[in-house]
$ cat work.csv   # CSV, C-alpha atoms
chain,number,residue,atom,x,y,z
C,1,MET,CA,63.5,90.1,120.0
C,2,THR,CA,64.7,88.4,123.3
C,3,MET,CA,64.3,90.1,126.6
C,4,GLY,CA,66.9,92.8,127.1
C,5,HIS,CA,67.1,93.6,123.4
C,6,GLU,CA,64.0,95.8,123.0
C,7,LEU,CA,66.3,98.6,121.7
C,8,ALA,CA,67.6,96.4,118.8
C,9,LEU,CA,67.5,97.9,115.4
C,10,PRO,CA,64.8,96.3,113.2
C,11,PRO,CA,65.8,94.8,109.8
C,12,GLY,CA,66.0,97.5,107.1
C,13,SER,CA,67.6,100.0,109.5
C,14,VAL,CA,70.7,101.9,108.3
C,15,ILE,CA,74.0,101.5,110.1
C,16,GLY,CA,76.4,104.5,109.4
C,17,ILE,CA,80.1,103.6,109.2
C,18,ILE,CA,82.7,106.3,109.4
C,19,GLY,CA,85.6,105.3,107.1
C,20,GLY,CA,85.7,103.8,103.7
C,21,GLY,CA,88.4,101.1,104.0
C,22,GLN,CA,88.3,97.3,104.0
C,23,LEU,CA,87.1,97.0,107.6
C,24,GLY,CA,84.0,99.1,106.7
C,25,ARG,CA,83.6,97.0,103.6
C,26,MET,CA,83.5,93.7,105.5
C,27,SER,CA,81.3,95.2,108.2
C,28,ALA,CA,78.9,96.4,105.5
C,29,MET,CA,78.8,92.9,104.0
C,30,ALA,CA,78.1,91.3,107.4
C,31,ALA,CA,75.3,93.9,108.0
C,32,ALA,CA,73.7,93.0,104.8
C,33,ARG,CA,73.5,89.3,105.9
C,34,LEU,CA,71.5,90.5,108.9
C,35,GLY,CA,69.1,92.6,106.9
C,36,TYR,CA,70.6,96.0,107.5
C,37,ARG,CA,71.6,98.7,105.1
C,38,THR,CA,74.8,100.6,105.5
C,39,HIS,CA,75.8,104.2,104.7
C,40,ILE,CA,79.5,105.2,104.6
C,41,LEU,CA,81.1,108.5,105.5
C,42,THR,CA,84.2,108.6,103.3
C,43,THR,CA,86.4,110.8,101.1
C,44,GLU,CA,86.6,108.0,98.5
C,45,PRO,CA,83.5,107.7,96.3
C,46,ASP,CA,84.7,104.3,95.0
C,47,GLY,CA,86.6,103.1,98.0
C,48,PRO,CA,86.4,99.5,99.4
C,49,ALA,CA,83.4,100.2,101.7
C,50,ALA,CA,81.4,102.4,99.4
C,51,GLN,CA,81.5,99.7,96.7
C,52,VAL,CA,79.3,97.4,98.7
C,53,ALA,CA,77.3,99.8,100.9
C,54,THR,CA,73.7,101.0,100.3
C,55,GLY,CA,74.7,104.7,100.3
C,56,ALA,CA,77.6,107.1,101.0
C,57,THR,CA,78.2,110.6,102.1
C,58,ILE,CA,81.3,112.0,100.5
C,59,GLY,CA,83.2,114.5,102.7
C,60,ALA,CA,85.5,115.1,105.6
C,61,HIS,CA,84.8,113.6,109.0
C,62,ASP,CA,85.5,116.9,110.7
C,63,ASP,CA,83.1,119.0,108.6
C,64,PRO,CA,80.0,119.8,110.7
C,65,ASP,CA,77.7,120.1,107.6
C,66,VAL,CA,78.9,116.8,106.2
C,67,LEU,CA,78.4,115.1,109.6
C,68,ARG,CA,74.9,116.4,109.9
C,69,ARG,CA,74.0,115.1,106.4
C,70,PHE,CA,75.5,111.8,107.3
C,71,ALA,CA,73.7,111.5,110.6
C,72,ALA,CA,70.3,112.3,108.9
C,73,ALA,CA,70.8,109.3,106.7
C,74,VAL,CA,71.4,106.7,109.4
C,75,ASP,CA,69.9,105.1,112.5
C,76,VAL,CA,73.1,104.3,114.4
C,77,ILE,CA,76.8,105.2,113.9
C,78,THR,CA,80.0,103.3,114.2
C,79,PHE,CA,83.6,103.6,112.8
C,80,GLU,CA,86.1,101.4,111.1
C,81,PHE,CA,89.3,103.3,111.9
C,82,GLU,CA,90.6,105.5,114.6
C,83,ASN,CA,92.2,108.4,112.9
C,84,ILE,CA,89.0,110.4,112.8
C,85,SER,CA,87.8,113.5,114.6
C,86,ALA,CA,86.8,112.8,118.2
C,87,ASP,CA,85.1,116.3,118.2
C,88,GLY,CA,83.2,115.2,115.0
C,89,LEU,CA,82.1,112.0,116.8
C,90,GLU,CA,80.9,114.1,119.7
C,91,LEU,CA,78.7,116.2,117.4
C,92,LEU,CA,77.3,113.0,115.8
C,93,SER,CA,76.5,111.5,119.3
C,94,ALA,CA,74.2,114.4,119.9
C,95,LEU,CA,72.3,113.4,116.8
C,96,LYS,CA,72.3,109.6,116.7
C,97,PRO,CA,73.6,106.8,118.9
C,98,VAL,CA,77.4,106.2,118.4
C,99,ARG,CA,78.8,102.8,119.3
C,100,PRO,CA,81.5,102.4,120.5
C,101,ASP,CA,81.2,105.7,122.5
C,102,GLY,CA,83.4,108.6,121.4
C,103,SER,CA,85.1,108.7,124.8
C,104,ILE,CA,86.6,105.3,123.9
C,105,LEU,CA,87.9,106.6,120.6
C,106,ARG,CA,89.6,109.5,122.5
C,107,ILE,CA,91.5,107.0,124.6
C,108,SER,CA,92.5,104.6,121.8
C,109,GLN,CA,93.6,107.2,119.3
C,110,ASP,CA,96.1,108.8,121.7
C,111,ARG,CA,98.9,106.5,123.0
C,112,LEU,CA,99.4,108.5,126.2
C,113,ALA,CA,95.7,108.5,127.0
C,114,GLU,CA,95.5,104.8,126.3
C,115,LYS,CA,98.5,103.9,128.5
C,116,ARG,CA,97.2,106.1,131.3
C,117,PHE,CA,93.8,104.5,131.1
C,118,LEU,CA,95.1,101.0,131.0
C,119,ALA,CA,97.6,101.6,133.9
C,120,ASP,CA,94.8,103.1,136.0
C,121,ALA,CA,92.7,100.0,135.3
C,122,GLY,CA,95.5,97.8,136.6
C,123,ILE,CA,96.3,96.3,133.2
C,124,PRO,CA,100.0,95.2,132.9
C,125,LEU,CA,102.0,97.2,130.4
C,126,ALA,CA,105.5,97.3,129.1
C,127,PRO,CA,107.7,100.1,130.6
C,128,TRP,CA,106.9,103.5,129.2
C,129,HIS,CA,107.6,107.2,129.7
C,130,THR,CA,106.0,110.4,128.5
C,131,VAL,CA,108.4,112.6,126.5
C,132,ASP,CA,107.4,116.2,126.3
C,133,THR,CA,110.8,117.9,126.4
C,134,ARG,CA,114.3,117.1,125.1
C,135,THR,CA,115.4,116.6,128.7
C,136,SER,CA,112.6,114.1,129.4
C,137,LEU,CA,113.8,112.1,126.4
C,138,ASP,CA,117.2,111.8,128.1
C,139,ASP,CA,115.5,110.7,131.3
C,140,ALA,CA,113.4,108.1,129.4
C,141,ALA,CA,116.6,106.8,127.7
C,142,THR,CA,118.2,106.4,131.1
C,143,ALA,CA,115.2,104.7,132.7
C,144,LEU,CA,114.4,102.4,129.8
C,145,GLY,CA,117.9,101.6,128.6
C,146,LEU,CA,118.9,101.2,125.0
C,147,PRO,CA,117.4,100.3,122.6
C,148,PHE,CA,113.9,101.6,123.0
C,149,VAL,CA,111.1,102.9,120.7
C,150,LEU,CA,110.0,106.5,120.5
C,151,LYS,CA,106.5,107.0,119.1
C,152,THR,CA,104.1,109.8,118.3
C,153,THR,CA,101.0,109.7,120.4
C,154,ARG,CA,98.6,109.9,117.4
C,155,LEU,CA,98.3,108.7,113.7
C,156,GLY,CA,100.8,105.9,113.9
C,157,TYR,CA,100.2,102.5,112.3
C,158,ASP,CA,102.1,99.8,110.5
C,159,GLY,CA,105.4,101.1,111.8
C,160,LYS,CA,104.7,104.7,110.9
C,161,GLY,CA,105.3,107.5,113.4
C,162,GLN,CA,108.1,105.8,115.4
C,163,ARG,CA,111.8,105.4,115.6
C,164,VAL,CA,114.0,102.7,117.3
C,165,ILE,CA,116.7,104.4,119.3
C,166,ARG,CA,119.8,102.3,119.6
C,167,GLU,CA,122.4,105.0,120.5
C,168,ARG,CA,122.2,108.2,122.5
C,169,ASN,CA,123.5,110.2,119.5
C,170,GLU,CA,120.2,109.4,117.8
C,171,LEU,CA,118.1,111.3,120.4
C,172,ASP,CA,118.3,114.8,118.9
C,173,ALA,CA,117.3,113.7,115.4
C,174,ALA,CA,114.5,111.5,116.6
C,175,PHE,CA,113.0,114.2,118.9
C,176,ALA,CA,113.1,116.7,116.0
C,177,ALA,CA,111.7,114.3,113.4
C,178,LEU,CA,108.7,113.0,115.4
C,179,ASP,CA,105.9,115.4,116.0
C,180,PRO,CA,103.7,116.6,117.4
C,181,HIS,CA,104.9,116.4,121.0
C,182,PRO,CA,104.5,114.9,123.5
C,183,LEU,CA,105.9,111.6,122.4
C,184,VAL,CA,105.9,108.2,124.1
C,185,ALA,CA,109.0,106.2,124.8
C,186,GLU,CA,108.5,102.4,125.2
C,187,GLY,CA,111.0,99.9,126.5
C,188,PHE,CA,111.8,96.8,124.5
C,189,VAL,CA,110.3,93.7,125.9
C,190,ASP,CA,112.1,90.3,125.7
C,191,PHE,CA,109.0,88.7,124.4
C,192,ALA,CA,108.3,85.2,123.1
C,193,CYS,CA,105.4,86.2,120.8
C,194,GLU,CA,102.6,88.7,120.2
C,195,LEU,CA,99.0,87.7,120.8
C,196,SER,CA,95.7,89.5,120.2
C,197,VAL,CA,92.2,88.9,121.3
C,198,MET,CA,88.9,90.2,119.8
C,199,VAL,CA,86.3,90.9,122.4
C,200,ALA,CA,82.7,92.2,121.9
C,201,ARG,CA,80.3,93.7,124.4
C,202,GLY,CA,76.6,94.2,123.8
C,203,LEU,CA,74.1,96.8,125.0
C,204,ASP,CA,73.0,94.3,127.7
C,205,GLY,CA,76.5,93.9,129.0
C,206,VAL,CA,77.0,90.4,127.6
C,207,VAL,CA,80.7,89.9,126.7
C,208,ARG,CA,82.0,87.5,124.1
C,209,THR,CA,85.7,86.7,123.4
C,210,TYR,CA,87.3,85.0,120.5
C,211,ASP,CA,90.3,82.7,121.1
C,212,ALA,CA,93.6,84.3,121.5
C,213,VAL,CA,95.7,84.3,118.3
C,214,GLN,CA,99.4,84.7,117.5
C,215,ASN,CA,100.6,87.4,115.2
C,216,HIS,CA,103.7,87.5,113.0
C,217,HIS,CA,104.9,90.7,111.3
C,218,ARG,CA,106.9,91.5,108.2
C,219,HIS,CA,108.3,95.1,107.8
C,220,HIS,CA,106.1,96.2,110.8
C,221,ILE,CA,102.9,95.0,108.9
C,222,LEU,CA,100.9,92.1,110.1
C,223,ASP,CA,101.8,89.2,107.9
C,224,LEU,CA,100.3,86.0,109.4
C,225,THR,CA,97.9,85.2,112.2
C,226,LEU,CA,97.6,81.7,113.7
C,227,ALA,CA,94.3,80.7,115.4
C,228,PRO,CA,94.4,79.5,118.1
C,229,ALA,CA,97.7,80.9,119.4
C,230,PRO,CA,100.2,78.0,120.1
C,231,VAL,CA,100.5,78.9,123.8
C,232,THR,CA,99.6,77.2,127.0
C,233,PRO,CA,95.9,77.1,128.0
C,234,ASP,CA,96.7,79.3,131.0
C,235,ILE,CA,98.2,82.0,128.9
C,236,ALA,CA,95.4,81.9,126.3
C,237,GLN,CA,92.8,82.2,129.1
C,238,GLU,CA,94.6,85.0,130.8
C,239,ALA,CA,94.8,86.9,127.4
C,240,GLN,CA,91.0,86.6,127.1
C,241,ALA,CA,90.5,87.7,130.7
C,242,LEU,CA,92.6,90.8,130.1
C,243,ALA,CA,90.5,91.7,127.0
C,244,VAL,CA,87.3,91.3,129.0
C,245,ARG,CA,88.6,93.5,131.9
C,246,ILE,CA,89.5,96.2,129.4
C,247,ALA,CA,86.1,96.0,127.6
C,248,GLU,CA,84.3,96.3,130.8
C,249,ALA,CA,86.5,99.1,132.2
C,250,LEU,CA,85.7,101.1,129.0
C,251,GLY,CA,82.0,100.4,129.1
C,252,LEU,CA,82.4,99.2,125.6
C,253,VAL,CA,79.4,98.6,123.3
C,254,GLY,CA,80.9,97.2,120.1
C,255,LEU,CA,84.1,95.3,119.2
C,256,LEU,CA,87.6,95.7,120.6
C,257,GLY,CA,91.0,94.3,119.5
C,258,VAL,CA,93.6,94.0,122.2
C,259,GLU,CA,97.2,93.4,121.3
C,260,MET,CA,99.6,92.0,123.9
C,261,PHE,CA,103.1,90.6,124.3
C,262,VAL,CA,104.0,87.3,126.0
C,263,ALA,CA,107.2,88.1,127.8
C,264,ALA,CA,110.0,85.5,128.0
C,265,ASP,CA,108.8,84.6,131.5
C,266,GLY,CA,105.2,84.0,130.4
C,267,THR,CA,103.9,87.4,131.7
C,268,LEU,CA,101.3,89.1,129.5
C,269,LEU,CA,101.8,92.8,128.7
C,270,VAL,CA,99.1,94.7,126.8
C,271,ASN,CA,100.5,96.8,123.9
C,272,GLU,CA,97.5,98.6,122.5
C,273,ILE,CA,93.7,98.5,121.9
C,274,ALA,CA,91.5,99.2,118.9
C,275,PRO,CA,87.8,99.7,119.3
C,276,ARG,CA,86.8,98.3,115.9
C,277,PRO,CA,87.3,95.2,113.8
C,278,HIS,CA,91.0,94.3,113.5
C,279,ASN,CA,93.3,92.8,111.0
C,280,SER,CA,94.2,90.0,113.4
C,281,GLY,CA,90.5,89.0,113.6
C,282,HIS,CA,90.1,88.3,109.8
C,283,TRP,CA,90.5,84.5,110.4
C,284,THR,CA,87.0,84.5,112.1
C,285,MET,CA,85.4,85.1,108.7
C,286,ASP,CA,85.9,81.4,107.8
C,287,ALA,CA,86.8,79.6,111.0
C,288,CYS,CA,83.9,80.8,113.3
C,289,LEU,CA,80.1,80.5,113.2
C,290,VAL,CA,80.0,84.3,113.7
C,291,SER,CA,82.8,86.5,112.3
C,292,GLN,CA,84.2,89.5,114.1
C,293,PHE,CA,82.3,91.7,111.6
C,294,GLU,CA,79.0,90.1,112.3
C,295,MET,CA,79.7,90.4,116.0
C,296,HIS,CA,80.6,94.1,115.6
C,297,VAL,CA,77.3,94.7,113.7
C,298,ARG,CA,75.3,92.8,116.3
C,299,ALA,CA,76.8,94.8,119.1
C,300,VAL,CA,76.3,98.2,117.3
C,301,ALA,CA,72.7,97.2,116.4
C,302,GLY,CA,71.8,96.0,119.9
C,303,LEU,CA,71.2,92.4,118.8
C,304,PRO,CA,72.0,89.4,121.0
C,305,LEU,CA,75.7,88.3,120.9
C,306,PRO,CA,76.1,84.6,120.3
C,307,PRO,CA,79.1,82.7,121.6
C,308,ALA,CA,82.3,83.4,119.6
C,309,THR,CA,82.7,79.8,118.7
C,310,ARG,CA,85.6,78.5,116.6
C,311,HIS,CA,84.8,75.4,114.5
C,312,SER,CA,88.2,75.1,112.9
C,313,ASP,CA,91.8,76.1,113.4
C,314,ALA,CA,93.0,78.7,110.9
C,315,LEU,CA,95.8,80.8,109.6
C,316,MET,CA,95.3,84.2,108.0
C,317,LYS,CA,97.8,85.6,105.5
C,318,ASN,CA,97.7,89.3,104.4
C,319,LEU,CA,98.1,90.2,100.8
C,320,VAL,CA,100.3,93.3,100.7
C,321,GLY,CA,101.4,95.4,97.8
C,322,PRO,CA,102.3,94.5,94.2
C,323,ALA,CA,104.4,91.4,95.0
C,324,ASP,CA,101.5,89.6,96.8
C,325,MET,CA,98.9,90.7,94.3
C,326,ALA,CA,101.0,89.3,91.4
C,327,LEU,CA,100.2,85.9,93.0
C,328,TRP,CA,96.5,86.4,92.9
C,329,PRO,CA,95.8,84.1,89.9
C,330,LEU,CA,97.7,81.4,91.7
C,331,VAL,CA,95.9,82.0,94.9
C,332,LEU,CA,92.5,81.6,93.2
C,333,ALA,CA,93.7,78.3,91.6
C,334,THR,CA,94.9,76.8,94.9
C,335,ASN,CA,92.5,74.5,96.7
C,336,GLY,CA,92.1,75.4,100.4
C,337,LEU,CA,93.0,79.0,100.2
C,338,LEU,CA,89.9,81.2,101.0
C,339,PRO,CA,90.4,84.5,99.3
C,340,HIS,CA,89.1,87.9,100.3
C,341,LEU,CA,90.0,90.9,98.2
C,342,TYR,CA,89.2,94.5,99.2
C,343,GLY,CA,88.5,96.3,95.9
C,344,LYS,CA,91.5,98.7,96.1
C,345,GLN,CA,92.5,100.0,92.6
C,346,GLU,CA,96.2,100.4,93.1
C,347,ALA,CA,98.6,97.9,94.7
C,348,ARG,CA,101.1,100.2,96.3
C,349,ALA,CA,104.1,99.0,98.4
C,350,GLY,CA,103.0,98.3,102.0
C,351,ARG,CA,99.3,98.5,101.1
C,352,LYS,CA,96.9,95.8,102.4
C,353,MET,CA,95.1,94.6,99.3
C,354,GLY,CA,93.3,91.5,100.7
C,355,HIS,CA,93.9,88.4,102.7
C,356,VAL,CA,93.5,84.6,102.5
C,357,ASN,CA,92.4,82.2,105.2
C,358,ARG,CA,93.3,78.5,105.4
C,359,LEU,CA,91.3,76.2,107.6
C,360,PHE,CA,92.4,73.0,109.5
C,361,PRO,CA,90.5,70.6,111.7
C,362,LYS,CA,90.1,71.8,115.2
C,363,GLY,CA,93.3,70.9,117.0
C,364,GLY,CA,95.1,70.4,113.7
C,365,LEU,CA,97.0,73.7,113.2
C,366,PRO,CA,100.4,72.7,111.8
C,367,GLY,CA,103.9,73.8,112.7
C,368,ALA,CA,106.1,76.1,110.8
C,369,PHE,CA,106.8,73.8,107.9
C,370,GLY,CA,103.2,72.7,107.6
C,371,ILE,CA,102.1,76.4,107.5
C,372,GLN,CA,104.5,77.1,104.7
C,373,ALA,CA,103.1,74.2,102.7
C,374,ALA,CA,99.5,75.2,103.4
C,375,LEU,CA,100.2,78.7,102.0
C,376,GLY,CA,101.0,77.3,98.6
C,377,PRO,CA,102.1,80.1,96.2
C,378,LEU,CA,102.1,82.6,99.1
C,379,ALA,CA,104.9,80.7,100.9
C,380,ALA,CA,107.3,82.2,98.4
C,381,ALA,CA,106.3,85.7,99.7
C,382,GLY,CA,108.0,84.8,103.0
C,383,THR,CA,106.9,85.2,106.6
C,384,ALA,CA,108.9,86.7,109.4
C,385,GLU,CA,109.2,86.2,113.1
C,386,PRO,CA,107.1,88.7,115.3
C,387,ASP,CA,108.7,92.1,115.6
C,388,ALA,CA,108.3,94.6,118.4
$ encode --input "work.csv" --output "structure tokens"
Amino acid sequence: MTMGHELALPPGSVIGIIGGGQLGRMSAMAAARLGYRTHILTTEPDGPAAQVATGATIGAHDDPDVLRRFAAAVDVITFEFENISADGLELLSALKPVRPDGSILRISQDRLAEKRFLADAGIPLAPWHTVDTRTSLDDAATALGLPFVLKTTRLGYDGKGQRVIRERNELDAAFAALDPHPLVAEGFVDFACELSVMVARGLDGVVRTYDAVQNHHRHHILDLTLAPAPVTPDIAQEAQALAVRIAEALGLVGLLGVEMFVAADGTLLVNEIAPRPHNSGHWTMDACLVSQFEMHVRAVAGLPLPPATRHSDALMKNLVGPADMALWPLVLATNGLLPHLYGKQEARAGRKMGHVNRLFPKGGLPGAFGIQAALGPLAAAGTAEPDA
């Protein structure tokens, strides 16, 4: 091992991953390439991650007995989603190294804690207000103007746990429907597009950032990611710099996804962070020398972090629900579409079942019509402009 990586896990060590979904699956596959075994803590014996891992502990992530059995089977611990018990992670950290640290999870899994941390770190944010009483909701509506978004502080994803407030007569129902309180009110941003940046930081403090990408959503679920983002070099570099500032402020060891808006005037406003692999980083699996999943494993295992080099332009298209999965045979028969399926048994509406990547020569990412042509059979599924 190189100097500064004396604490790196040797080949054959076991990386414990909390969560049995597709991010754990792809992390486990990347770990195997580096000679590591993986052990999943999950409630799904035949879930996406457990299908490819070396072992699994089946049980709840807040059960102390389950956690102790899991910790005894692994050498280091990470997680693939944020809706897990921070107290459980604290117990695990007393038994084995946990990367990223549980304190980072506590910040990222609570929208209020996240916004307060980012604001204290000097990171630019969209206007927001804490809503802990019905009166404070009136105050937020006055300060932010209509429309605005009211969100739960925890357990929200893919558009869940939030309401768009367009009229004041909607305030009572929204306040009653969304719980637990407090809530967060966020002002609408007149934005040109949404960007995200994946950033990794190693045990030795080395930081690597992938190129900024542009995200398009459909029905509040990520639909399409364009790599690199079709923005000016100044905006792209500023997005990467913001991601680095956040990773260093957190003392991150691991991988972090940073979502941000580009306002109409070119200003960047950070929306949220995720200390794990991220859907908007899936393009790296085929367009980079080192994917986000390998970078995540390297950071967690204490290995050196190589540059996050992109050798091709790319687009990533999610496969969501029964409609997209009905096109799977055509996807497999289409040259140029690089398929990744997650092993989920049932294609439910709104459920991410897999994704495809499509590569282009560096500097050759096409415009809107070219992207539709490149998607082949998936172009019929439709894409949408970015949503707030």
$ atom_distance --input "work.csv" --atom1 "atom CA of C:Gly266" --atom2 "atom CA of C:Ala192"
8.0 Å
$ atom_distance --input "work.csv" --atom1 "atom CA of C:Ile77" --atom2 "atom CA of C:Arg310"
28.2 Å
$ residues_around --input "work.csv" --residues "C:Val76" --least-positions-apart "4" --cutoff "8 Å" --atoms "only C-alpha atoms" --output "MDAnalysis selection string"
chainID C and resid 14:16 96:99 300:301
$ atom_distance --input "work.csv" --atom1 "atom CA of C:Lys151" --atom2 "atom CA of C:His181"
9.7 Å
$ residues_around --input "work.csv" --residues "stretch 103-118 of chain C" --least-positions-apart "5" --cutoff "6 Å" --atoms "all atoms listed in the file" --output "list in words"
Glu82, Ile123, Thr153 and Arg154 of chain C
$ residues_around --input "work.csv" --residues "C:Leu146" --least-positions-apart "4" --cutoff "7 Å" --atoms "all atoms listed in the file" --output "PyMOL selection string"
chain C and resi 141+165-167
$ residues_around --input "work.csv" --residues "stretch 253-258 of chain C" --least-positions-apart "4" --cutoff "7 Å" --atoms "only C-alpha atoms" --output "list in words"
Arg99, Pro100, Ser196, Val197, Met198, Val199, Ala200, Arg201, Gly202, Leu203, Ala243, Glu272, Ile273, Ala274, Pro275, Arg276, Pro277, His278, His296, Ala299 and Val300 of chain C
$ residues_around --input "work.csv" --residues "C:Ala308" --least-positions-apart "2" --cutoff "10 Å" --atoms "only C-alpha atoms" --output "ChimeraX atom specification"
/C:198-200,207-211,284,288-292,295,305-306,310-311
$ closest_residue --input "work.csv" --among "C:Ala143, C:Leu92, C:Ala86, C:Val213" --to "C:Arg69" --atoms "all atoms listed in the file"
C:Leu92
$ closest_atom_pairs --input "work.csv" --of "stretch 63-147 of chain C" --to "stretch 259-265 of chain C" --cutoff "12 Å" --atoms "all atoms listed in the file" --output "CSV"
residue,atom,partner,partner_atom,distance
C:Ile123,CA,C:Met260,CA,10.8
C:Pro124,CA,C:Met260,CA,9.6
C:Leu125,CA,C:Met260,CA,8.7
C:Ala126,CA,C:Phe261,CA,8.6
$ closest_residue --input "work.csv" --among "C:Leu337, C:Ala176, C:Leu250, C:Ile221" --to "C:Gly321" --atoms "all atoms listed in the file"
C:Ile221
